[in-house]
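Enquirer: Input protein.tsv, format and content: TSV, C-alpha atoms.
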```tsv
chain	number	residue	atom	x	y	z
A	215	MET	CA	-127.57	-68.45	65.76
A	216	VAL	CA	-126.54	-64.90	66.61
A	217	SER	CA	-127.20	-63.33	70.00
A	218	PHE	CA	-126.87	-59.98	71.72
A	219	THR	CA	-123.86	-59.47	73.94
A	220	ALA	CA	-126.09	-57.94	76.62
A	221	ALA	CA	-127.43	-60.26	79.27
A	222	SER	CA	-130.98	-59.61	78.11
A	223	CYS	CA	-132.93	-57.24	75.92
A	224	GLU	CA	-136.56	-56.36	75.31
A	225	LEU	CA	-137.72	-54.82	72.05
A	226	LYS	CA	-140.96	-52.83	71.89
A	227	LEU	CA	-142.92	-54.20	68.92
A	228	ARG	CA	-145.70	-52.08	67.45
A	229	LEU	CA	-148.71	-54.12	66.31
A	230	ALA	CA	-152.24	-53.33	65.19
A	231	HIS	CA	-155.15	-55.41	63.94
A	232	TYR	CA	-154.29	-55.92	60.28
A	233	PRO	CA	-155.04	-59.53	59.24
A	234	PRO	CA	-153.55	-61.69	57.88
A	235	HIS	CA	-150.40	-59.71	58.70
A	236	ALA	CA	-151.25	-59.12	62.37
A	237	PHE	CA	-154.28	-60.17	64.43
A	238	GLU	CA	-155.31	-61.69	67.75
A	239	ASP	CA	-156.59	-65.26	67.62
A	240	ALA	CA	-159.38	-66.78	69.73
A	241	GLN	CA	-156.95	-67.23	72.64
A	242	GLY	CA	-155.88	-63.58	72.53
A	243	GLN	CA	-152.48	-64.41	71.04
A	244	TRP	CA	-151.01	-62.21	68.32
A	245	ARG	CA	-150.43	-64.04	65.04
A	246	GLY	CA	-149.98	-63.25	61.35
A	247	ILE	CA	-147.27	-63.00	58.71
A	248	ASP	CA	-145.62	-59.88	60.14
A	249	VAL	CA	-146.01	-61.03	63.74
A	250	ASP	CA	-144.52	-64.48	63.15
A	251	VAL	CA	-141.56	-63.09	61.21
A	252	ALA	CA	-140.85	-60.34	63.76
A	253	VAL	CA	-141.14	-62.65	66.78
A	254	MET	CA	-139.02	-65.36	65.17
A	255	LEU	CA	-136.33	-62.81	64.36
A	256	ILE	CA	-136.37	-61.23	67.83
A	257	LYS	CA	-136.16	-64.59	69.56
A	258	ARG	CA	-133.38	-65.78	67.27
A	259	VAL	CA	-131.10	-63.03	68.58
A	260	GLY	CA	-131.96	-63.90	72.17
A	261	CYS	CA	-134.36	-61.05	72.90
A	262	HIS	CA	-137.83	-60.71	74.36
A	263	TYR	CA	-140.54	-58.41	73.05
A	264	LYS	CA	-143.29	-56.19	74.41
A	265	ILE	CA	-146.29	-55.40	72.21
A	266	ILE	CA	-147.29	-51.75	71.83
A	267	GLU	CA	-150.63	-50.90	70.20
A	268	VAL	CA	-150.83	-47.36	68.83
A	269	PRO	CA	-152.18	-45.84	65.57
A	270	TRP	CA	-149.90	-45.89	62.53
A	271	ALA	CA	-149.07	-42.19	62.28
A	272	ARG	CA	-148.24	-41.95	65.99
A	273	ALA	CA	-146.20	-45.14	65.79
A	274	ILE	CA	-143.97	-43.66	63.10
A	275	SER	CA	-143.24	-40.70	65.36
A	276	MET	CA	-142.49	-43.08	68.24
A	277	LEU	CA	-140.16	-45.15	66.05
A	278	ARG	CA	-138.30	-41.96	65.16
A	279	SER	CA	-137.87	-41.00	68.81
A	280	GLY	CA	-137.02	-44.53	69.97
A	281	LYS	CA	-140.17	-45.05	72.04
A	282	ILE	CA	-140.89	-47.99	69.74
A	283	ASP	CA	-138.11	-50.33	68.63
A	284	VAL	CA	-139.76	-52.33	65.83
A	285	MET	CA	-142.50	-51.64	63.27
A	286	PRO	CA	-143.62	-54.27	60.75
A	287	SER	CA	-145.22	-53.48	57.37
A	288	MET	CA	-142.99	-50.50	56.62
A	289	SER	CA	-142.28	-49.38	53.06
A	290	PHE	CA	-138.81	-48.05	52.43
A	291	LYS	CA	-138.63	-44.29	51.88
A	292	LYS	CA	-135.42	-42.27	51.85
A	293	GLU	CA	-136.58	-39.95	54.61
A	294	ARG	CA	-137.45	-42.93	56.83
A	295	ASP	CA	-133.97	-44.40	56.39
A	296	GLU	CA	-132.62	-41.55	58.50
A	297	TYR	CA	-134.28	-42.90	61.65
A	298	ALA	CA	-135.07	-46.54	60.81
A	299	LYS	CA	-133.00	-49.54	59.79
A	300	PHE	CA	-134.98	-51.61	57.27
A	301	ILE	CA	-134.52	-55.37	57.59
A	302	GLY	CA	-136.11	-57.66	55.03
A	303	PRO	CA	-138.00	-57.64	52.81
A	304	VAL	CA	-140.71	-59.56	54.63
A	305	ARG	CA	-143.29	-59.60	51.84
A	306	VAL	CA	-144.76	-57.81	48.82
A	307	GLU	CA	-147.52	-55.30	49.52
A	308	ARG	CA	-150.08	-54.63	46.81
A	309	ILE	CA	-152.40	-51.65	47.33
A	310	VAL	CA	-155.83	-51.95	45.73
A	311	LEU	CA	-159.29	-50.37	45.86
A	312	ALA	CA	-162.37	-52.12	47.30
A	313	SER	CA	-166.01	-51.05	47.06
A	314	PRO	CA	-169.54	-52.51	47.29
A	315	VAL	CA	-170.45	-54.87	44.44
A	316	ASN	CA	-173.68	-52.97	43.74
A	317	ARG	CA	-171.82	-49.63	43.57
A	318	PRO	CA	-168.54	-50.39	41.83
A	319	ILE	CA	-165.92	-47.73	41.27
A	320	THR	CA	-164.12	-47.47	37.95
A	321	LEU	CA	-160.59	-46.11	37.76
A	322	ALA	CA	-161.92	-43.17	35.71
A	323	GLN	CA	-164.36	-42.33	38.51
A	324	PHE	CA	-161.62	-42.66	41.05
A	325	LYS	CA	-159.38	-40.21	39.20
A	326	ARG	CA	-162.03	-37.56	38.83
A	327	PHE	CA	-163.62	-38.19	42.24
A	328	ASP	CA	-167.09	-38.85	40.86
A	329	ILE	CA	-167.74	-41.40	43.60
A	330	TYR	CA	-171.38	-41.17	44.70
A	331	ASN	CA	-170.65	-38.03	46.70
A	332	LYS	CA	-168.88	-40.09	49.35
A	333	PRO	CA	-165.16	-40.12	50.11
A	334	ILE	CA	-162.62	-42.91	49.78
A	335	THR	CA	-161.19	-43.92	53.15
A	336	ILE	CA	-157.43	-44.13	53.67
A	337	GLN	CA	-155.15	-44.65	56.66
A	338	ARG	CA	-153.51	-41.57	58.14
A	339	GLY	CA	-149.75	-41.55	57.56
A	340	ALA	CA	-149.76	-44.53	55.16
A	341	PHE	CA	-147.76	-44.56	51.92
A	342	TYR	CA	-149.81	-45.57	48.86
A	343	GLY	CA	-147.33	-44.86	46.08
A	344	SER	CA	-146.92	-42.32	43.29
A	345	ILE	CA	-150.20	-43.01	41.45
A	346	PHE	CA	-152.26	-42.28	44.53
A	347	ALA	CA	-150.08	-39.27	45.40
A	348	GLU	CA	-150.80	-37.73	41.99
A	349	ILE	CA	-154.54	-38.37	42.36
A	350	TYR	CA	-154.55	-36.90	45.86
A	351	GLN	CA	-152.58	-33.81	44.83
A	352	SER	CA	-154.79	-33.17	41.81
A	353	SER	CA	-157.92	-33.07	43.95
A	354	GLU	CA	-159.37	-29.64	44.61
A	355	ASN	CA	-160.64	-30.86	47.98
A	356	PRO	CA	-158.48	-33.81	49.07
A	357	GLU	CA	-159.73	-33.70	52.66
A	358	THR	CA	-163.28	-34.09	51.34
A	359	ASP	CA	-162.52	-36.68	48.67
A	360	PHE	CA	-160.44	-38.80	51.05
A	361	PHE	CA	-161.28	-39.60	54.65
A	362	ALA	CA	-158.06	-40.25	56.60
A	363	ILE	CA	-158.55	-42.33	59.75
A	364	PRO	CA	-156.14	-43.68	62.40
A	365	ASN	CA	-156.60	-47.45	62.01
A	366	ASN	CA	-157.85	-50.23	59.79
A	367	ARG	CA	-160.81	-51.23	61.98
A	368	ILE	CA	-162.45	-47.83	61.56
A	369	LYS	CA	-161.95	-47.97	57.78
A	370	LEU	CA	-163.84	-51.24	57.61
A	371	GLU	CA	-166.64	-50.00	59.87
A	372	LEU	CA	-167.14	-46.90	57.73
A	373	LEU	CA	-167.37	-49.02	54.59
A	374	GLN	CA	-169.90	-51.39	56.18
A	375	LYS	CA	-172.06	-48.49	57.36
A	376	GLY	CA	-172.08	-46.93	53.88
A	377	ARG	CA	-170.40	-43.72	55.00
A	378	VAL	CA	-167.65	-44.05	52.39
A	379	SER	CA	-167.75	-45.29	48.80
A	380	GLY	CA	-164.68	-47.48	49.06
A	381	LEU	CA	-161.36	-48.03	50.76
A	382	ILE	CA	-157.73	-48.28	49.72
A	383	GLU	CA	-155.83	-51.09	51.40
A	384	ASP	CA	-153.43	-53.98	51.06
A	385	GLU	CA	-154.91	-56.71	48.87
A	386	LEU	CA	-154.37	-59.54	51.36
A	387	ASN	CA	-156.07	-57.59	54.14
A	388	ILE	CA	-159.17	-57.09	52.00
A	389	TYR	CA	-159.27	-60.75	50.94
A	390	TYR	CA	-158.96	-61.80	54.57
A	391	HIS	CA	-162.18	-59.99	55.44
A	392	LEU	CA	-163.97	-61.22	52.31
A	393	ASN	CA	-163.06	-64.84	53.14
A	394	LYS	CA	-163.46	-64.80	56.93
A	395	GLU	CA	-166.29	-62.37	57.63
A	396	PRO	CA	-169.75	-62.87	56.03
A	397	GLU	CA	-170.66	-59.19	56.40
A	398	PHE	CA	-168.08	-58.36	53.71
A	399	SER	CA	-169.57	-60.67	51.06
A	400	GLY	CA	-171.07	-57.68	49.26
A	401	TYR	CA	-167.72	-56.10	48.45
A	402	LYS	CA	-165.22	-56.60	45.66
A	403	VAL	CA	-161.55	-55.96	44.98
A	404	HIS	CA	-160.78	-53.99	41.85
A	405	LEU	CA	-158.25	-55.33	39.38
A	406	THR	CA	-156.22	-52.15	39.20
A	407	THR	CA	-153.12	-52.18	41.41
A	408	LEU	CA	-152.52	-48.65	42.68
A	409	HIS	CA	-149.15	-49.49	44.19
A	410	GLN	CA	-146.87	-52.47	44.73
A	411	ASN	CA	-143.69	-52.57	46.73
A	412	LEU	CA	-141.64	-54.53	49.24
A	413	VAL	CA	-142.29	-54.05	52.96
A	414	TYR	CA	-139.83	-54.52	55.80
A	415	LEU	CA	-139.36	-54.67	59.53
A	416	ALA	CA	-138.20	-51.19	60.56
A	417	PHE	CA	-135.97	-50.91	63.64
A	418	SER	CA	-135.40	-47.59	65.40
A	419	ARG	CA	-131.84	-46.32	64.93
A	420	ARG	CA	-132.27	-44.23	68.07
A	421	SER	CA	-133.11	-47.06	70.47
A	422	VAL	CA	-131.44	-50.12	68.90
A	423	PRO	CA	-127.61	-49.99	68.83
A	424	THR	CA	-125.82	-50.41	65.50
A	425	LYS	CA	-124.20	-53.70	66.53
A	426	GLN	CA	-127.58	-55.14	67.45
A	427	LEU	CA	-129.04	-53.99	64.13
A	428	GLN	CA	-126.24	-55.88	62.39
A	429	GLN	CA	-127.04	-59.02	64.39
A	430	LEU	CA	-130.73	-58.72	63.55
A	431	ASN	CA	-129.88	-58.39	59.87
A	432	ILE	CA	-127.71	-61.52	60.02
A	433	ALA	CA	-130.56	-63.36	61.75
A	434	TYR	CA	-132.93	-62.31	58.96
A	435	GLN	CA	-130.56	-63.65	56.30
A	436	GLN	CA	-130.35	-66.96	58.16
A	437	LEU	CA	-134.13	-67.27	58.40
A	438	SER	CA	-134.58	-66.35	54.76
A	439	SER	CA	-131.99	-68.81	53.45
A	440	SER	CA	-133.39	-71.63	55.61
A	441	GLY	CA	-136.82	-71.37	53.98
A	442	GLN	CA	-138.61	-70.55	57.24
A	443	LEU	CA	-139.89	-67.21	55.95
A	444	ASP	CA	-141.43	-68.93	52.92
A	445	GLN	CA	-143.13	-71.42	55.24
A	446	ILE	CA	-144.73	-68.59	57.22
A	447	HIS	CA	-146.07	-66.98	54.07
A	448	GLN	CA	-147.44	-70.25	52.72
A	449	TYR	CA	-149.25	-71.01	55.98
A	450	TYR	CA	-151.20	-67.75	55.88
A	451	LEU	CA	-151.69	-67.50	52.11
A	452	ASN	CA	-153.38	-70.87	51.54
A	453	ASP	CA	-156.82	-69.26	51.76
A	454	TYR	CA	-155.99	-66.73	49.05
A	455	ALA	CA	-153.95	-68.74	46.54
A	456	ASP	CA	-156.70	-68.65	43.89
A	457	LYS	CA	-157.33	-64.89	44.28
A	458	VAL	CA	-154.06	-63.05	44.78
A	459	LYS	CA	-152.44	-61.68	41.65
A	460	PRO	CA	-148.83	-62.73	40.95
A	461	PRO	CA	-146.17	-60.08	41.75
A	462	ALA	CA	-145.35	-57.67	38.95
A	463	SER	CA	-141.61	-57.29	39.39
A	464	SER	CA	-141.44	-54.16	37.26
A	465	ASN	CA	-143.49	-52.29	39.89
A	466	GLN	CA	-141.43	-53.28	42.90
```
Output the structure of this file as structure tokens.
Expert:
Amino acid sequence: MVSFTAASCELKLRLAHYPPHAFEDAQGQWRGIDVDVAVMLIKRVGCHYKIIEVPWARAISMLRSGKIDVMPSMSFKKERDEYAKFIGPVRVERIVLASPVNRPITLAQFKRFDIYNKPITIQRGAFYGSIFAEIYQSSENPETDFFAIPNNRIKLELLQKGRVSGLIEDELNIYYHLNKEPEFSGYKVHLTTLHQNLVYLAFSRRSVPTKQLQQLNIAYQQLSSSGQLDQIHQYYLNDYADKVKPPASSNQ
């Protein structure tokens, strides 16, 4: 086990409701794939953590400035590497499209924005890959065709109320709501994968010293080789084993 040389440390961990990756259980305790991995890693190096709840786009700015130390669910991008140390990967993220069963959206409709005169909802500041970027850039009115909101809860509420024609989100997040919440029984996940990539824990280079980043990386390697990370994934994925598509390594 590695540990920080400092007598104690506290890392500010950004979390938001995003099941099964991060959510509060009936006792008000944070759980989920990303939460369990992050907490296990932080504790393994002898640190404590403090949970910070802020919208995604603001959290990225705070990670850059060092006001937040750790952000789960981060995709690697070259420009982010300047201010964040990526440790992982933690899991594979697969971005898909969901819409009501009685008003399905075809990929052709999606590309030409013929979507019942209602926008597709997306999360502000999120990275959805090159396919979505091309679709977004080709739109004559991207701010009308896509409704960017600050968090996942609002996206789901807008879909339920019929104010948007569909949403773009991580596949596991959508399946969580379909399996756990009856009000989402009238929605479906489309087969087309818009984007697939590895996601990491991102640590602020401004607030976390280089030596500590090295220790955290060593701790990750230890957890990964021990099989504990696989156990966390299996625990949360049991409900979705018959639905989730296998990873397509060529897209990672």
Enquirer: Could you pull the residues within 8 Å of region 248-263 of chain A, counting all atoms listed in the file, minus those fewer than 4 positions along the same chain, as a PyMOL selection string?
Expert: chain A and resi 215-218+222-227+229+235-236+244+286-287+304+415+429-430+433-434+437+443+446
Enquirer: Using only C-alpha atoms, find all polymer residues with an atom at most 12 Å away from the point (-154.7, -50.0, 71.9); report them as a PDB file with C-alpha atoms, in the frame of the given file.
Expert:
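Everything below was put into selection-v6.pdb:
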```
ATOM      1  CA  ARG A 228    -145.700 -52.080  67.450  1.00  0.00           C
ATOM      2  CA  LEU A 229    -148.710 -54.120  66.310  1.00  0.00           C
ATOM      3  CA  ALA A 230    -152.240 -53.330  65.190  1.00  0.00           C
ATOM      4  CA  HIS A 231    -155.150 -55.410  63.940  1.00  0.00           C
ATOM      5  CA  ILE A 265    -146.290 -55.400  72.210  1.00  0.00           C
ATOM      6  CA  ILE A 266    -147.290 -51.750  71.830  1.00  0.00           C
ATOM      7  CA  GLU A 267    -150.630 -50.900  70.200  1.00  0.00           C
ATOM      8  CA  VAL A 268    -150.830 -47.360  68.830  1.00  0.00           C
ATOM      9  CA  PRO A 269    -152.180 -45.840  65.570  1.00  0.00           C
ATOM     10  CA  TRP A 270    -149.900 -45.890  62.530  1.00  0.00           C
ATOM     11  CA  ARG A 272    -148.240 -41.950  65.990  1.00  0.00           C
ATOM     12  CA  ALA A 273    -146.200 -45.140  65.790  1.00  0.00           C
ATOM     13  CA  PRO A 364    -156.140 -43.680  62.400  1.00  0.00           C
ATOM     14  CA  ASN A 365    -156.600 -47.450  62.010  1.00  0.00           C
ATOM     15  CA  ARG A 367    -160.810 -51.230  61.980  1.00  0.00           C
TER      16      ARG A 367
END
```
Enquirer: At most 12 Å is the cut-off: for each residue in region 277-317 of chain A with any atom that close to an atom of region 342-352 of chain A, write down the nearest atom pair and the distance in Å rounded to one decimal, counting all atoms listed in the file, chain first then increasing number, as a tab-separated table.
Expert:
```
residue	atom	partner	partner_atom	distance
A:Met288	CA	A:Tyr342	CA	11.4
A:Ser289	CA	A:Tyr342	CA	9.4
A:Phe290	CA	A:Gly343	CA	11.1
A:Lys291	CA	A:Gly343	CA	10.5
A:Glu307	CA	A:Tyr342	CA	10.0
A:Arg308	CA	A:Tyr342	CA	9.3
A:Ile309	CA	A:Tyr342	CA	6.8
A:Val310	CA	A:Tyr342	CA	9.3
A:Leu311	CA	A:Phe346	CA	10.8
```
Enquirer: In Å, how far is it from CA of Ser439 (chain A) to CA of Phe300 (chain A)?
Expert: 17.9 Å
Enquirer: Which is closer to Gly400 (chain A) than all the others in A:His447, A:Ile432, A:Arg317, A:Leu277, using only C-alpha atoms?
Expert: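 Once distances to Gly400 (chain A) are computed over only C-alpha atoms, the minimum belongs to A:Arg317.
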Enquirer: Could you tell me how far CA of Gly302 (chain A) sits from CA of Ile382 (chain A), in Å to one decimal place?
Expert: 24.2 Å
Enquirer: Pick from A:Ser418, A:Gln436, A:Thr335, A:Thr406: nearest to Asp283 (chain A), with all atoms listed in the file counted?
Expert: A:Ser418
Enquirer: Nearest residue to Ala416 (chain A) out of A:Ala298, A:Leu373, A:Ile274, A:Ala240, using all atoms listed in the file?
Expert: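 Using all atoms listed in the file, Ala416 (chain A) sits closest to A:Ala298.
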Enquirer: Which distance in Å separates CA of Ile336 (chain A) and CA of Phe361 (chain A), to one decimal?
Expert: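 A separation of 6.0 Å between them.
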Enquirer: Quick one: everything within 7 Å of Val306 (chain A), counting all atoms listed in the file, minus sequence neighbours fewer than 5 positions away in the same chain. Send it as an mmCIF file with C-alpha atoms, in the coordinates of the input.
Expert:
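Contents of selection-v2.cif, freshly written:
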```
data_model
loop_
_atom_site.group_PDB
_atom_site.id
_atom_site.type_symbol
_atom_site.label_atom_id
_atom_site.label_comp_id
_atom_site.auth_asym_id
_atom_site.auth_seq_id
_atom_site.Cartn_x
_atom_site.Cartn_y
_atom_site.Cartn_z
ATOM 1 C CA ASN A 411 -143.690 -52.570 46.730
ATOM 2 C CA LEU A 412 -141.640 -54.530 49.240
ATOM 3 C CA VAL A 413 -142.290 -54.050 52.960
#
```
Enquirer: Need the neighbours of (-138.7, -39.8, 62.1): which residues are at most 8 Å away, counting only C-alpha atoms, as a JSON list (two decimals) with C-alpha atoms, in the coordinates of the input?
Expert:
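New file part_1.json:
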```
[["chain", "number", "residue", "atom", "x", "y", "z"],
["A", 274, "ILE", "CA", -143.97, -43.66, 63.10],
["A", 275, "SER", "CA", -143.24, -40.70, 65.36],
["A", 276, "MET", "CA", -142.49, -43.08, 68.24],
["A", 277, "LEU", "CA", -140.16, -45.15, 66.05],
["A", 278, "ARG", "CA", -138.30, -41.96, 65.16],
["A", 279, "SER", "CA", -137.87, -41.00, 68.81],
["A", 293, "GLU", "CA", -136.58, -39.95, 54.61],
["A", 294, "ARG", "CA", -137.45, -42.93, 56.83],
["A", 296, "GLU", "CA", -132.62, -41.55, 58.50],
["A", 297, "TYR", "CA", -134.28, -42.90, 61.65],
["A", 298, "ALA", "CA", -135.07, -46.54, 60.81]]
```
Enquirer: Please determine, counting all atoms listed in the file, which residue among A:Pro333, A:Pro314, A:Pro234, A:Asp295 has the shortest atom-to-atom distance to Thr358 (chain A).
Expert: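 With all atoms listed in the file as the atom set, the closest residue is A:Pro333.
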Enquirer: Using only C-alpha atoms, pick whichever of A:Ile368, A:Leu427, A:Ile334, A:Ala340 has the shortest atom-to-atom distance to Ala271 (chain A).
Expert: A:Ala340
